[in-house]
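Novice: Please see the structure below; I have some questions.
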Amino acid sequence: MTRVVVIASLLALRVSAQGSPGLPFVINTWGGPFTAATDAAFLSLKNPTTSALDAVQIGCATCEKNQCDGSVGYGGSPDENCETTLDAMIMDGTTMKSGSVAGLRRIRDAIAVARAVLEYTTHTMLAGDLATQFAISNGFRASNLSTPEQEARCAAWREENCQPNYRTNVFPDPKTSCGPYTGVSLNSSAPGYKKAINPDATQASHDTISMISIDASGVMAAGTSTNGATWKVPGRVGDGPITGSGSYVDGEVGGCGATGDGDIMMRFLPCYQAVENLRLGMSPKEAAEDAVKRILRKFPQTASGIVVTSAKGEHGGAGSGWTFTYAFRGGNMNATEVVRVPPVNPVVEAIRMQA
Ligand code: GLY
C-alpha cells in the first residue's frame, strides 16, 4: 500500500515538473528582450573557464546594457525626482555568499558592482551614494543614468499632477496633487484626512531580470538586476537586492528568480520559500505556486512571477496578476525557449486588464 502511494507521488512529481534539457543550463524571468540575456549567459558557459557566477553576471549585464524592456539598467523607472537608481544582487550557490547593491546612483553596471561586493568585501549589501563610492574605488565609471526619453516622460508625469504615485496618508491629496507631501496622523480628525488616503498606491511598473545558471559540472549561481518601480519615492529599494526575495540559490537543492511588485514580495522572501519547498520534495512548479499563493493570501492583487529550477535543470514557474513568462536554454538546445505561465489567479488578471 505504501509503495503504491510512493509510486503515485513520484508520477505526480514527474508530470508537474518540466524536464531538464541538460547542463549547462540558464533560466531567467521574462521572454522577449530578456532572451538575449539567456543566450549570452548560456553561450558563455560553453567556455569551461566561465563560472556559474560569471554566467549570471554576463546575462544580467546584457540586460543592463540593452535596457531590456526599460525595467533594467539606465534610463528606466525614474523616481519622483526623475532619477534612475539600480538594485542588483548575485549569489553563489556553493558558498551561499551573496553581494548586492541597493539604490545605486550614477553607475550603470549594477550586477558587476554587486559581484564586487561579493568578491571584495565580507558584507552582503551596500547602498546609495556610498555604494557608488565603493564602485568608483573599484574602477567603475560614474555617468548620468538618465536619457532624453526619460526626461520627457518625467515632464509629462508632472504635467499630469504626478499621477500615479506611491504616496498614501499624506496631504495634499496624492491622487490629485504633486508634493511636497506631509504625512497625516492615522487617527487624525483633521479636514482632508480621508481624502488624503491613496488606496491605489501600488506599483505601476516593475519587471526585473532574475537569472539562475548551472555550469556543466552542476555548480549553481543566481542573480537579479532591476531599476525598480517607476515614480517611486526617492530612496525606495525593492526586492531585487534582497537575498531570498529577488533570487536565491542553494546548489544542493536548486534556485529561484523573482519579478513583480517588490514592495509586497520582499515581505515574503518568495525565492527562499520556493527553494525550501524544493528541499521538502515539491516539484519546481509546485514550489513556485506555493510561494506565490502565500503572497496572494494576504495581498490578492499582487503582480508576481517566480521561476524555479532544481539543481538538475528541471524547471517550473508561477505568477499572479499578469501572464508571466520565463526563458531557458540548456544542454544541446540551439535556441532559447520561452514558457508562458498563466496567472494562478485569472480573475485578478481580468480586473487589472480592465483598469
Ligand atoms: N521587482 C522590482 C521591484 O519591485 O523593484
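By convention here, the chains of the C-alpha cells are called A, B, ... in the order presented, each chain's residues are numbered starting at 1, and ligands are numbered starting at 1 in the order presented.
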Pick out the residues no farther than 7 Å from ligand 1, counting only C-alpha atoms and all ligand atoms, and list them as a ChimeraX atom specification.
Specialist: /A:206-208,226-229,237-240,259-263
Novice: Just write the chosen residues, C-alpha atoms, as a PDB file, in the first residue's frame.
Specialist:
```pdb
ATOM      1  CA  HIS A 206       8.004  46.503 -12.298  1.00  0.00           C
ATOM      2  CA  ASP A 207       9.837  43.931 -14.253  1.00  0.00           C
ATOM      3  CA  THR A 208      13.219  42.571 -13.425  1.00  0.00           C
ATOM      4  CA  THR A 226      16.411  45.996 -11.929  1.00  0.00           C
ATOM      5  CA  ASN A 227      15.805  49.715 -11.911  1.00  0.00           C
ATOM      6  CA  GLY A 228      12.802  49.157  -9.643  1.00  0.00           C
ATOM      7  CA  ALA A 229       9.463  50.909  -9.763  1.00  0.00           C
ATOM      8  CA  VAL A 237      14.619  49.884  -2.579  1.00  0.00           C
ATOM      9  CA  GLY A 238      12.710  46.918  -3.979  1.00  0.00           C
ATOM     10  CA  ASP A 239      13.003  43.158  -3.713  1.00  0.00           C
ATOM     11  CA  GLY A 240      15.821  42.840  -6.250  1.00  0.00           C
ATOM     12  CA  THR A 259       9.897  39.577 -10.666  1.00  0.00           C
ATOM     13  CA  GLY A 260       6.902  41.702  -9.751  1.00  0.00           C
ATOM     14  CA  ASP A 261       5.692  44.062  -7.077  1.00  0.00           C
ATOM     15  CA  GLY A 262       8.811  44.176  -4.960  1.00  0.00           C
ATOM     16  CA  ASP A 263       7.292  46.217  -2.146  1.00  0.00           C
TER      17      ASP A 263
END
```
Novice: Pick out the residues sitting within 10 Å of Ile136 of chain A, and hand them over as a list in words; count only C-alpha atoms, and ignore anything fewer than 5 positions along from it in its own chain.
Specialist: Ile107, Val113, Leu130, Ala131, Arg141 and Ala142 of chain A
Novice: Now that the selection is made, can you save its residues with C-alpha atoms as a compact mmCIF listing (two decimals), in the first residue's frame?
Specialist:
```txt
# COMPACT_ATOMS: atom_id res chain seq x y z
CA ILE A 107 26.79 53.71 -12.09
CA VAL A 113 29.18 46.14 -8.56
CA LEU A 130 28.32 55.13 -0.57
CA ALA A 131 27.80 52.11 -2.83
CA ARG A 141 32.93 54.80 -14.16
CA ALA A 142 30.27 57.22 -12.93
```
Novice: Would you mind listing, for every residue of segment 233-325 of chain A within 9 Å of segment 93-100 of chain A, the two atoms forming the shortest contact and the distance between them in Å to one decimal, using only C-alpha atoms, sorted by chain and ascending residue number, as CSV?
Specialist:
```
residue,atom,partner,partner_atom,distance
A:Gly240,CA,A:Ser100,CA,8.8
A:Pro241,CA,A:Ser100,CA,5.4
A:Ile242,CA,A:Ser100,CA,7.7
A:Thr243,CA,A:Ser98,CA,7.2
A:Tyr248,CA,A:Gly93,CA,8.1
A:Val249,CA,A:Gly93,CA,5.0
A:Asp250,CA,A:Gly93,CA,4.6
A:Gly251,CA,A:Gly93,CA,4.4
A:Glu252,CA,A:Gly93,CA,7.8
A:Gly254,CA,A:Gly93,CA,8.4
A:Gly255,CA,A:Gly93,CA,8.1
```
Novice: Got time to write the residues from that selection, C-alpha atoms, as an mmCIF file, in the first residue's frame?
Specialist:
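result_3.cif was written with the following content:
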```cif
data_model
loop_
_atom_site.group_PDB
_atom_site.id
_atom_site.type_symbol
_atom_site.label_atom_id
_atom_site.label_comp_id
_atom_site.auth_asym_id
_atom_site.auth_seq_id
_atom_site.Cartn_x
_atom_site.Cartn_y
_atom_site.Cartn_z
ATOM 1 C CA GLY A 240 15.821 42.840 -6.250
ATOM 2 C CA PRO A 241 18.828 43.163 -3.914
ATOM 3 C CA ILE A 242 17.243 41.195 -1.060
ATOM 4 C CA THR A 243 18.716 37.698 -0.785
ATOM 5 C CA TYR A 248 18.107 32.657 -4.172
ATOM 6 C CA VAL A 249 20.171 29.556 -4.810
ATOM 7 C CA ASP A 250 21.368 26.590 -2.832
ATOM 8 C CA GLY A 251 23.460 24.388 -5.116
ATOM 9 C CA GLU A 252 22.430 21.279 -3.201
ATOM 10 C CA GLY A 254 18.016 24.465 -6.681
ATOM 11 C CA GLY A 255 17.456 28.122 -7.426
#
```
Novice: Which value, in Å to one decimal, gives the distance between atom CA of Gln57 of chain A and atom CA of Ile212 of chain A?
Specialist: 10.2 Å
Novice: Do a neighbour search on Ile295 of chain A at 12 Å with only C-alpha atoms, toss out local chain neighbours closer than 3 positions, and write the hits as a PDB file with C-alpha atoms, in the first residue's frame.
Specialist:
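Resulting contents of out-v5.pdb:
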```pdb
ATOM      1  CA  SER A 245      13.454  37.703  -2.445  1.00  0.00           C
ATOM      2  CA  GLY A 260       6.902  41.702  -9.751  1.00  0.00           C
ATOM      3  CA  ASP A 261       5.692  44.062  -7.077  1.00  0.00           C
ATOM      4  CA  GLY A 262       8.811  44.176  -4.960  1.00  0.00           C
ATOM      5  CA  ASP A 263       7.292  46.217  -2.146  1.00  0.00           C
ATOM      6  CA  ILE A 264       4.925  43.339  -1.428  1.00  0.00           C
ATOM      7  CA  MET A 265       7.085  40.414  -2.492  1.00  0.00           C
ATOM      8  CA  MET A 266      10.065  41.245  -0.284  1.00  0.00           C
ATOM      9  CA  ARG A 267       7.867  40.750   2.783  1.00  0.00           C
ATOM     10  CA  PHE A 268       7.538  37.044   1.923  1.00  0.00           C
ATOM     11  CA  LEU A 269      11.062  36.086   0.686  1.00  0.00           C
ATOM     12  CA  PRO A 270       9.376  34.051  -2.068  1.00  0.00           C
ATOM     13  CA  CYS A 271      12.605  32.702  -3.572  1.00  0.00           C
ATOM     14  CA  GLN A 273      10.453  29.859   0.261  1.00  0.00           C
ATOM     15  CA  ALA A 288       6.726  28.348  -7.293  1.00  0.00           C
ATOM     16  CA  GLU A 289       2.932  28.131  -6.949  1.00  0.00           C
ATOM     17  CA  ASP A 290       3.130  27.716  -3.193  1.00  0.00           C
ATOM     18  CA  ALA A 291       5.427  30.762  -2.887  1.00  0.00           C
ATOM     19  CA  VAL A 292       3.043  32.883  -4.998  1.00  0.00           C
ATOM     20  CA  LYS A 298      -2.561  38.466   2.183  1.00  0.00           C
ATOM     21  CA  PHE A 299      -2.262  40.641  -0.950  1.00  0.00           C
ATOM     22  CA  PRO A 300      -4.537  39.107  -3.622  1.00  0.00           C
ATOM     23  CA  GLN A 301      -3.854  41.784  -6.254  1.00  0.00           C
ATOM     24  CA  THR A 302      -0.080  41.374  -6.299  1.00  0.00           C
ATOM     25  CA  ALA A 303       1.615  41.094  -9.691  1.00  0.00           C
ATOM     26  CA  SER A 304       4.316  38.455  -9.319  1.00  0.00           C
ATOM     27  CA  GLY A 305       6.386  35.939 -11.253  1.00  0.00           C
ATOM     28  CA  ILE A 306       8.619  33.220  -9.841  1.00  0.00           C
ATOM     29  CA  ALA A 318       4.087  30.595 -11.302  1.00  0.00           C
ATOM     30  CA  GLY A 319       2.769  34.113 -11.364  1.00  0.00           C
ATOM     31  CA  SER A 320      -0.170  36.305 -10.458  1.00  0.00           C
ATOM     32  CA  GLY A 321      -1.805  39.425 -11.810  1.00  0.00           C
ATOM     33  CA  VAL A 344      -2.717  31.413 -10.658  1.00  0.00           C
ATOM     34  CA  ASN A 345      -5.470  33.981 -10.104  1.00  0.00           C
TER      35      ASN A 345
END
```
Novice: Could you pull out all residues of segment 107-346 of chain A with a DSSP call of helix (DSSP H, G or I) and give them as a ChimeraX atom specification?
Specialist: /A:110-120,128-137,148-159,193-196,262-265,270-279,284-298,346
Novice: What does the distance between atom CA of Ile214 of chain A and atom CA of Leu23 of chain A come to in Å, to one decimal place?
Specialist: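 Separation between atom CA of Ile214 of chain A and atom CA of Leu23 of chain A: 6.8 Å.
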Novice: Report, in Å to a single decimal, how far apart atom CA of Leu86 of chain A and atom CA of Trp231 of chain A are.
Specialist: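 These atoms are spaced 13.7 Å apart.
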Novice: Which residue gives the smallest distance to Tyr74 of chain A among A:Pro164, A:Gly246, A:Pro148, A:Gly223, with only C-alpha atoms counted?
Specialist: A:Pro148
Novice: Of the residues A:Ala222, A:Ala112, A:Ala274, A:Val341, which is the one nearest to Ile27 of chain A, using only C-alpha atoms?
Specialist: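 The closest residue to Ile27 of chain A is A:Ala222.
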Novice: Given only C-alpha atoms as the basis, pick out the residue of A:Thr35, A:Ser146, A:Ser225, A:Gln163 nearest to Ala61 of chain A.
Specialist: A:Ser225
Novice: Using only C-alpha atoms, which of A:Asn332, A:Ser217, A:Thr325, A:Ser283 sits nearest Pro48 of chain A?
Specialist: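 Residue with the minimum atom-to-atom distance to Pro48 of chain A: A:Ser217.
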Novice: Counting only C-alpha atoms, which residue out of A:Val170, A:Met220, A:Leu118, A:Ala41 sits closest to Thr309 of chain A?
Specialist: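 That would be A:Met220, the residue with the smallest distance to Thr309 of chain A.
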Novice: Could you give me, as a ChimeraX atom specification, each residue of segment 34-163 of chain A that DSSP assigns to strand (DSSP E) when run on this structure's backbone?
Specialist: /A:86-92,98-104,125-127
Novice: Skip Leu145 of chain A itself and residues of its chain fewer than 3 positions away, then list as a list in words all residues within 12 Å of it, counting only C-alpha atoms.
Specialist: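 What passes the distance filter is Glu64, Lys65, Gln67, Val72, Gly73, Tyr74, Gly75, Gly76, Ser77, Pro78, Cys82, Glu83, Thr84, Thr85, Leu86, Leu104, Arg105, Arg106, Ile107, Arg108, Asp109, Ala110, Arg141, Ala142, Pro148, Glu149, Gln150, Glu151 and Asn227 of chain A.
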Novice: Would you put the residues from that selection into a file with N, CA, C and O atoms, as a short mmCIF file (atom, residue, chain, number, x, y, z; two decimals), in the first residue's frame?
Specialist:
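Result written to selection_1.cif:
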```
data_model
loop_
_atom_site.label_atom_id
_atom_site.label_comp_id
_atom_site.auth_asym_id
_atom_site.auth_seq_id
_atom_site.Cartn_x
_atom_site.Cartn_y
_atom_site.Cartn_z
N GLU A 64 21.23 44.88 -18.65
CA GLU A 64 21.52 46.27 -18.23
C GLU A 64 21.95 47.11 -19.42
O GLU A 64 21.53 48.26 -19.56
N LYS A 65 22.81 46.53 -20.29
CA LYS A 65 23.29 47.30 -21.45
C LYS A 65 22.17 47.53 -22.45
O LYS A 65 22.04 48.60 -23.02
N GLN A 67 19.04 47.54 -21.81
CA GLN A 67 17.90 48.11 -21.06
C GLN A 67 16.68 47.19 -21.12
O GLN A 67 15.60 47.57 -20.69
N VAL A 72 15.32 47.42 -16.64
CA VAL A 72 16.65 47.01 -16.17
C VAL A 72 17.65 48.01 -16.75
O VAL A 72 17.54 48.41 -17.91
N GLY A 73 18.61 48.43 -15.92
CA GLY A 73 19.67 49.30 -16.42
C GLY A 73 19.30 50.78 -16.40
O GLY A 73 18.28 51.18 -15.83
N TYR A 74 20.15 51.57 -17.08
CA TYR A 74 20.00 53.02 -17.07
C TYR A 74 18.73 53.46 -17.82
O TYR A 74 18.19 52.71 -18.63
N GLY A 75 18.28 54.68 -17.50
CA GLY A 75 17.21 55.30 -18.31
C GLY A 75 15.81 54.78 -18.06
O GLY A 75 14.89 55.13 -18.80
N GLY A 76 15.60 53.94 -17.03
CA GLY A 76 14.25 53.41 -16.80
C GLY A 76 13.77 53.66 -15.38
O GLY A 76 14.57 53.99 -14.49
N SER A 77 12.47 53.47 -15.18
CA SER A 77 11.83 53.56 -13.85
C SER A 77 12.33 54.74 -13.03
O SER A 77 12.81 54.58 -11.90
N PRO A 78 12.20 55.97 -13.55
CA PRO A 78 12.64 57.13 -12.77
C PRO A 78 11.84 57.28 -11.48
O PRO A 78 10.68 56.91 -11.42
N CYS A 82 12.95 62.12 -10.97
CA CYS A 82 13.39 61.74 -12.33
C CYS A 82 14.78 61.11 -12.33
O CYS A 82 15.46 61.13 -13.34
N GLU A 83 15.18 60.53 -11.22
CA GLU A 83 16.47 59.84 -11.18
C GLU A 83 16.26 58.32 -11.29
O GLU A 83 15.35 57.76 -10.65
N THR A 84 17.10 57.66 -12.09
CA THR A 84 17.12 56.20 -12.13
C THR A 84 18.15 55.72 -11.12
O THR A 84 19.30 56.17 -11.14
N THR A 85 17.75 54.81 -10.25
CA THR A 85 18.69 54.15 -9.34
C THR A 85 18.56 52.65 -9.57
O THR A 85 17.51 52.17 -10.00
N LEU A 86 19.62 51.91 -9.29
CA LEU A 86 19.66 50.49 -9.64
C LEU A 86 19.79 49.61 -8.40
O LEU A 86 20.50 49.95 -7.46
N LEU A 104 21.61 52.11 -6.08
CA LEU A 104 22.92 52.54 -6.64
C LEU A 104 22.71 53.73 -7.57
O LEU A 104 21.88 53.68 -8.48
N ARG A 105 23.49 54.81 -7.36
CA ARG A 105 23.34 56.03 -8.15
C ARG A 105 24.52 56.20 -9.11
O ARG A 105 25.67 55.94 -8.75
N ARG A 106 24.23 56.66 -10.31
CA ARG A 106 25.24 57.12 -11.29
C ARG A 106 26.21 56.05 -11.78
O ARG A 106 27.23 56.36 -12.35
N ILE A 107 25.93 54.78 -11.57
CA ILE A 107 26.79 53.71 -12.09
C ILE A 107 25.89 52.74 -12.86
O ILE A 107 24.88 52.27 -12.31
N ARG A 108 26.27 52.45 -14.11
CA ARG A 108 25.40 51.61 -14.95
C ARG A 108 25.50 50.12 -14.63
O ARG A 108 24.57 49.37 -14.87
N ASP A 109 26.67 49.70 -14.12
CA ASP A 109 26.97 48.26 -14.08
C ASP A 109 26.57 47.64 -12.73
O ASP A 109 27.44 47.18 -11.97
N ALA A 110 25.28 47.64 -12.44
CA ALA A 110 24.84 47.26 -11.09
C ALA A 110 25.22 45.83 -10.73
O ALA A 110 25.68 45.57 -9.61
N ARG A 141 33.02 53.42 -13.70
CA ARG A 141 32.93 54.80 -14.16
C ARG A 141 31.56 55.37 -13.81
O ARG A 141 30.53 54.72 -14.06
N ALA A 142 31.55 56.57 -13.24
CA ALA A 142 30.27 57.22 -12.93
C ALA A 142 29.74 57.92 -14.17
O ALA A 142 30.52 58.47 -14.96
N PRO A 148 17.19 61.34 -22.68
CA PRO A 148 16.21 62.36 -23.10
C PRO A 148 14.77 61.83 -23.04
O PRO A 148 13.84 62.55 -22.65
N GLU A 149 14.58 60.55 -23.39
CA GLU A 149 13.22 59.96 -23.34
C GLU A 149 12.70 59.98 -21.90
O GLU A 149 11.53 60.28 -21.64
N GLN A 150 13.59 59.67 -20.98
CA GLN A 150 13.19 59.66 -19.57
C GLN A 150 12.81 61.07 -19.11
O GLN A 150 11.80 61.26 -18.42
N GLU A 151 13.59 62.07 -19.50
CA GLU A 151 13.30 63.46 -19.10
C GLU A 151 11.92 63.87 -19.63
O GLU A 151 11.14 64.51 -18.93
N ASN A 227 15.81 48.31 -12.31
CA ASN A 227 15.81 49.71 -11.91
C ASN A 227 14.56 50.04 -11.09
O ASN A 227 14.25 51.19 -10.84
#
```
